[in-house]
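Note sheet for the following structure.
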Amino acid sequence: MNMPLPRDALIGSRADAYALEARDLTLSYGASVRVRSATVAFPRNQVTAIMGPSGCGKSTLLRALNRTLELIPGARVQSGRVLLDRREIYDTDVSASWVRTHIGMLQQRPTPFPMSIAENVLFGARYHGYVRDRETHAQRYLALVGLWDEVWDRLKASADTLSGGQQQRLCLARTLAVEPSIVLMDEPCSALDPRATTVIERLIRELKRDYTIVVVTHNIAQARRIADHCVFMLDGEVLAAGTRDEILLDPQDPTVRDFMSGEIG
Amino acid sequence: MPDVTDLYHLARAEHASAFAQGPARDRTAVSDAIYRTVAWIGGGIGVLVPVAIVIYLAWHGGSALTPEFLFDPPRGSSLDGKGGIWPAIKGSLALVGLGLAVSLSLGFGGAIYLAEFNRSAMLERVSRFCIESLAAVPGLVYSMFGYALLVVALGLKISLVAGGLTLGFVMLPLILIATHEALRAVDSGVREAAHALGVSHAYLFARVVWPIAWPAILTGIVLAAVHALGAAAPLLYTAATVFTKDTLGLGKPVMALPTHLYFVTSEIGATPYAFGTALVLVLLVLVVSTVALLLRRRKEV
Ligand SMILES: Nc1ncnc2c1ncn2[C@@H]1O[C@H](COP(=O)(O)OP(=O)(O)O)[C@@H](O)[C@H]1O
Ligand SMILES: [Mg+2]
């Protein structure tokens, strides 16, 4: 039966999220350095947008933040630190799995797994032993992303039967179900239509009450709608970082100004 | 030399006159028609040849298919086309089964290592090159290799086990390549998403990669098994005997359908007995392929 959960009760009920910080991070694929000495702070319970032209190293930086960069053959962190609430995530006694459960990630394209909608939500949570009651756990996170009302009567259907926007929210529910403190999103709306984009953007704004959120986007209008802070990258370097208005409305750096006015993109 | 503007005006003029002639010479429609015709001829031949082979075999060998033919050993003392082919059916199934056990364990192991664990592009390229070369080796060469290594050097004699292992080598590259391709085809975004949830590689493989990849892997296995089922050459020096009424045994020579067909046809020619043997071989292949098809179909529903 469809028992609507009060979403207000789901959001804003957690303790403060952790802050994330990259210090002097240099990342490379093989011999070529693609991110150089990046120092960025991602304040807790805020949305930080990482912007910059295609190929400037946004995804590379994002992957280094939750230790998925090391999955790519040849890719490595040459130097620098990433601090999750002052704990160094690249310390030898910190496992990649631990880091990834605390720093979740949403891919550019929806990535439903070949299983039912409910199984998708529970995929990671079950592995980590967080699921006491499958139904309530699945319902909780589906409701959190506003998907419960749309899928409550077909939880056993394959996730492929959902629309692209629904699939992306399902993936977000799957990420949130392993209880991260921080959520990284790599151009989460670039494969979606405007309507689905609006839904995701509203979610991002709501979820920052409980999570620290980092969103890669090369859409200036989107950054204006969702971000509290902005980071601007070019050719692997952080050119500017600051509050949304500092970067979007009144950029000091001439290159950033050109990007914001649409001269480069 | 004509000026660029002259060329431009020339082209404009030609275009205008073609337009004035109307849509009579419709090149697109003609080329579509040619394409359709060629596609139909090609597809038609592709369907007709196998169907014709089965009908032809059934026509000439159908009358031989009696219960005795299927379930009795050959009669007499040599190949005179009397009695049944039961030892050859049993032998073929045993040889392919043994070969599958070998090639599946080695092939899955190799493919899973290459696709899931290996991080060196160089190793991947070199192994793939070697394996693809192996797939191109003729059956008779496998047979000589099996003879030299298994039959003589390892002292396995001409036997079921030597033939099974040799068929395993024949199937290994086909299964390894199919499995490797199927695993590689799994979307890297899906893999990354699963890793990003902090789960183990084994959990990710069992719950995400395998469910996506197995239909293609099954197709590869069936193609390899069907190929091995019909291969006479690899068995000639390693396992095949012309005639036996003995029970199956790992250390004993065996009869197999393709070699039996080869011996019978060279001995007594194209008789109903020989056609019947060929028909049984083809039907066995069809059964295996159909079962695989149904398995895959069930997954899609
Ligand atoms: N797997 C890889 N191997 C080698 N180079 C890569 C790989 N992925 C990305 N790069 C290179 O790193 C640079 C940054 O890429 P990326 O971080 O994906 O940029 P963005 O996300 O900002 O578009 C690009 O020049 C790209 O060619
Ligand atoms: Mg990117």
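Scheme for the structure tokens: letters A, B, ... for chains in order shown; per-chain residue numbers from 1; ligand numbers from 1 in order shown.
Using only C-alpha atoms and all ligand atoms, residues with at least one atom at most 8 Å away from any atom of ligand 1 are Ser28, Tyr29, Gly30, Ser32, Arg34, Val35, Gly52, Pro53, Ser54, Gly55, Cys56, Gly57, Lys58, Ser59, Thr60, Leu61, Leu62, Ile72, Pro73, Gly74, Ala75, Asp186, Val216, Asp235 and Gly236 of chain A.
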- Thr290 (chain B): which residues within 12 Å, counting only C-alpha atoms, same-chain residues fewer than 5 positions away excluded, as number ranges by chain? B: 219, 222-223, 226, 283-285, 295-297
- Task: With a distance cut-off of 6 Å and only C-alpha atoms, select the neighbouring residues of region 162-178 of chain B, excluding the residue or stretch itself and same-chain residues fewer than 5 positions from it, and output the selection as a list in words.
- Result: Leu95, Leu98, Gly99, Val102, Ser103, Gly107, Ala111, Ile131, Ala135, Gly146, Leu150, Ile217, Gly220, Ile221, Ala224, Leu235, Thr238 and Ala239 of chain B
How about saving the chosen residues, N, CA and C atoms kept, as a short mmCIF file (atom, residue, chain, number, x, y, z; two decimals), in the first residue's frame?
data_model
loop_
_atom_site.label_atom_id
_atom_site.label_comp_id
_atom_site.auth_asym_id
_atom_site.auth_seq_id
_atom_site.Cartn_x
_atom_site.Cartn_y
_atom_site.Cartn_z
N LEU B 95 33.61 -36.47 -24.61
CA LEU B 95 34.77 -35.68 -25.04
C LEU B 95 34.50 -34.19 -24.90
N LEU B 98 34.24 -33.15 -21.17
CA LEU B 98 35.56 -33.05 -20.57
C LEU B 98 36.28 -31.78 -21.06
N GLY B 99 36.17 -31.55 -22.36
CA GLY B 99 36.80 -30.36 -22.95
C GLY B 99 36.23 -29.08 -22.36
N VAL B 102 37.64 -28.32 -18.92
CA VAL B 102 38.98 -27.74 -19.00
C VAL B 102 38.93 -26.30 -19.50
N SER B 103 38.24 -26.10 -20.64
CA SER B 103 38.30 -24.77 -21.27
C SER B 103 37.52 -23.74 -20.47
N GLY B 107 39.49 -20.73 -19.38
CA GLY B 107 39.01 -19.57 -20.12
C GLY B 107 38.40 -18.51 -19.22
N ALA B 111 40.01 -14.85 -18.73
CA ALA B 111 39.20 -13.69 -19.14
C ALA B 111 38.88 -12.80 -17.95
N ILE B 131 46.06 -15.34 -27.91
CA ILE B 131 44.85 -16.15 -27.85
C ILE B 131 44.15 -16.16 -29.20
N ALA B 135 43.26 -19.31 -31.72
CA ALA B 135 41.94 -19.61 -32.28
C ALA B 135 42.04 -19.92 -33.77
N GLY B 146 48.42 -32.44 -29.34
CA GLY B 146 47.87 -33.32 -28.31
C GLY B 146 48.57 -34.67 -28.31
N LEU B 150 50.29 -34.96 -24.91
CA LEU B 150 49.45 -35.74 -24.00
C LEU B 150 49.65 -37.23 -24.18
N ILE B 217 28.29 -14.47 -22.85
CA ILE B 217 29.24 -15.53 -22.52
C ILE B 217 28.66 -16.88 -22.91
N GLY B 220 29.00 -17.56 -26.51
CA GLY B 220 30.37 -17.96 -26.83
C GLY B 220 30.61 -19.42 -26.47
N ILE B 221 30.12 -19.84 -25.31
CA ILE B 221 30.33 -21.22 -24.88
C ILE B 221 29.65 -22.19 -25.85
N ALA B 224 31.51 -22.48 -29.08
CA ALA B 224 32.71 -23.28 -28.89
C ALA B 224 32.35 -24.76 -28.79
N LEU B 235 40.67 -35.04 -32.84
CA LEU B 235 40.56 -36.33 -32.16
C LEU B 235 41.33 -37.42 -32.86
N THR B 238 44.47 -38.36 -31.08
CA THR B 238 44.47 -38.27 -29.62
C THR B 238 43.46 -39.19 -28.93
N ALA B 239 42.34 -39.49 -29.60
CA ALA B 239 41.30 -40.21 -28.87
C ALA B 239 40.55 -41.23 -29.72
#
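The closest residue to chain B, picked from A:Asp149, A:Asp253, A:Glu119, A:Glu21 and counting only C-alpha atoms, is A:Glu119.
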- Write out as a PyMOL selection string which residues come within 10 Å of Gly251 (chain B) when counting only C-alpha atoms, dropping same-chain ones fewer than 3 positions away. chain B and resi 156-162+239+248+254
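Checking B:Gly198, B:Gly249, B:Pro272, B:Pro234 one by one against chain A, counting only C-alpha atoms, you find the shortest gap at B:Gly198.
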- Message: If the cut-off is 7 Å, can you tell me the residues of chain B near chain A, counting only C-alpha atoms? I'd like them as number ranges by chain.
- Response: B: 119, 189-190, 193, 196-199, 208, 211-212
- Message: So that I can see what lies close to region 221-229 of chain A, please list as a VMD selection string the residues with an atom at most 7 Å from it, counting only C-alpha atoms and leaving out residues fewer than 3 positions away in the same chain.
- Response: chain A and resid 46 to 49 201 205 217 242 to 244
Restricting the output to N, CA, C and O atoms, write the selected residues as an mmCIF file, in the first residue's frame.
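Written output follows (out.cif):
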data_model
loop_
_atom_site.group_PDB
_atom_site.id
_atom_site.type_symbol
_atom_site.label_atom_id
_atom_site.label_comp_id
_atom_site.auth_asym_id
_atom_site.auth_seq_id
_atom_site.Cartn_x
_atom_site.Cartn_y
_atom_site.Cartn_z
ATOM 1 N N GLN A 46 26.870 22.684 2.476
ATOM 2 C CA GLN A 46 26.747 23.681 1.414
ATOM 3 C C GLN A 46 26.884 22.975 0.074
ATOM 4 O O GLN A 46 27.436 21.881 -0.001
ATOM 5 N N VAL A 47 26.385 23.643 -0.975
ATOM 6 C CA VAL A 47 26.571 23.119 -2.315
ATOM 7 C C VAL A 47 27.719 23.878 -2.968
ATOM 8 O O VAL A 47 27.669 25.099 -3.069
ATOM 9 N N THR A 48 28.746 23.143 -3.374
ATOM 10 C CA THR A 48 29.859 23.773 -4.073
ATOM 11 C C THR A 48 29.846 23.303 -5.526
ATOM 12 O O THR A 48 29.799 22.102 -5.789
ATOM 13 N N ALA A 49 29.846 24.250 -6.447
ATOM 14 C CA ALA A 49 29.868 23.891 -7.870
ATOM 15 C C ALA A 49 31.299 23.979 -8.380
ATOM 16 O O ALA A 49 31.996 24.963 -8.112
ATOM 17 N N GLU A 201 17.702 19.474 -9.423
ATOM 18 C CA GLU A 201 18.232 20.700 -8.814
ATOM 19 C C GLU A 201 17.512 21.024 -7.507
ATOM 20 O O GLU A 201 18.133 21.425 -6.523
ATOM 21 N N ARG A 205 19.188 21.267 -3.638
ATOM 22 C CA ARG A 205 19.008 22.375 -2.698
ATOM 23 C C ARG A 205 18.441 21.897 -1.364
ATOM 24 O O ARG A 205 18.818 22.381 -0.302
ATOM 25 N N THR A 217 29.590 21.093 -12.885
ATOM 26 C CA THR A 217 28.659 21.527 -13.922
ATOM 27 C C THR A 217 29.390 22.477 -14.852
ATOM 28 O O THR A 217 30.291 23.195 -14.433
ATOM 29 N N GLY A 242 35.345 30.748 -4.436
ATOM 30 C CA GLY A 242 34.728 31.722 -3.545
ATOM 31 C C GLY A 242 33.236 31.487 -3.475
ATOM 32 O O GLY A 242 32.738 30.460 -3.924
ATOM 33 N N THR A 243 32.515 32.471 -2.912
ATOM 34 C CA THR A 243 31.070 32.314 -2.855
ATOM 35 C C THR A 243 30.503 32.441 -4.269
ATOM 36 O O THR A 243 31.181 32.925 -5.181
ATOM 37 N N ARG A 244 29.271 32.007 -4.421
ATOM 38 C CA ARG A 244 28.649 32.032 -5.734
ATOM 39 C C ARG A 244 28.710 33.425 -6.351
ATOM 40 O O ARG A 244 29.118 33.602 -7.493
#
- Taking the chain letters and numbering used in this document, name the residues of region 60-152 of chain A that DSSP puts in strand (DSSP E or B), as an MDAnalysis selection string. chainID A and resid 75:84 87:88 103:106 116
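The closest residue to Asp210 (chain A), picked from A:Gly262, A:Asn45, A:Cys230, A:Ala22 and counting only C-alpha atoms, is A:Asn45.
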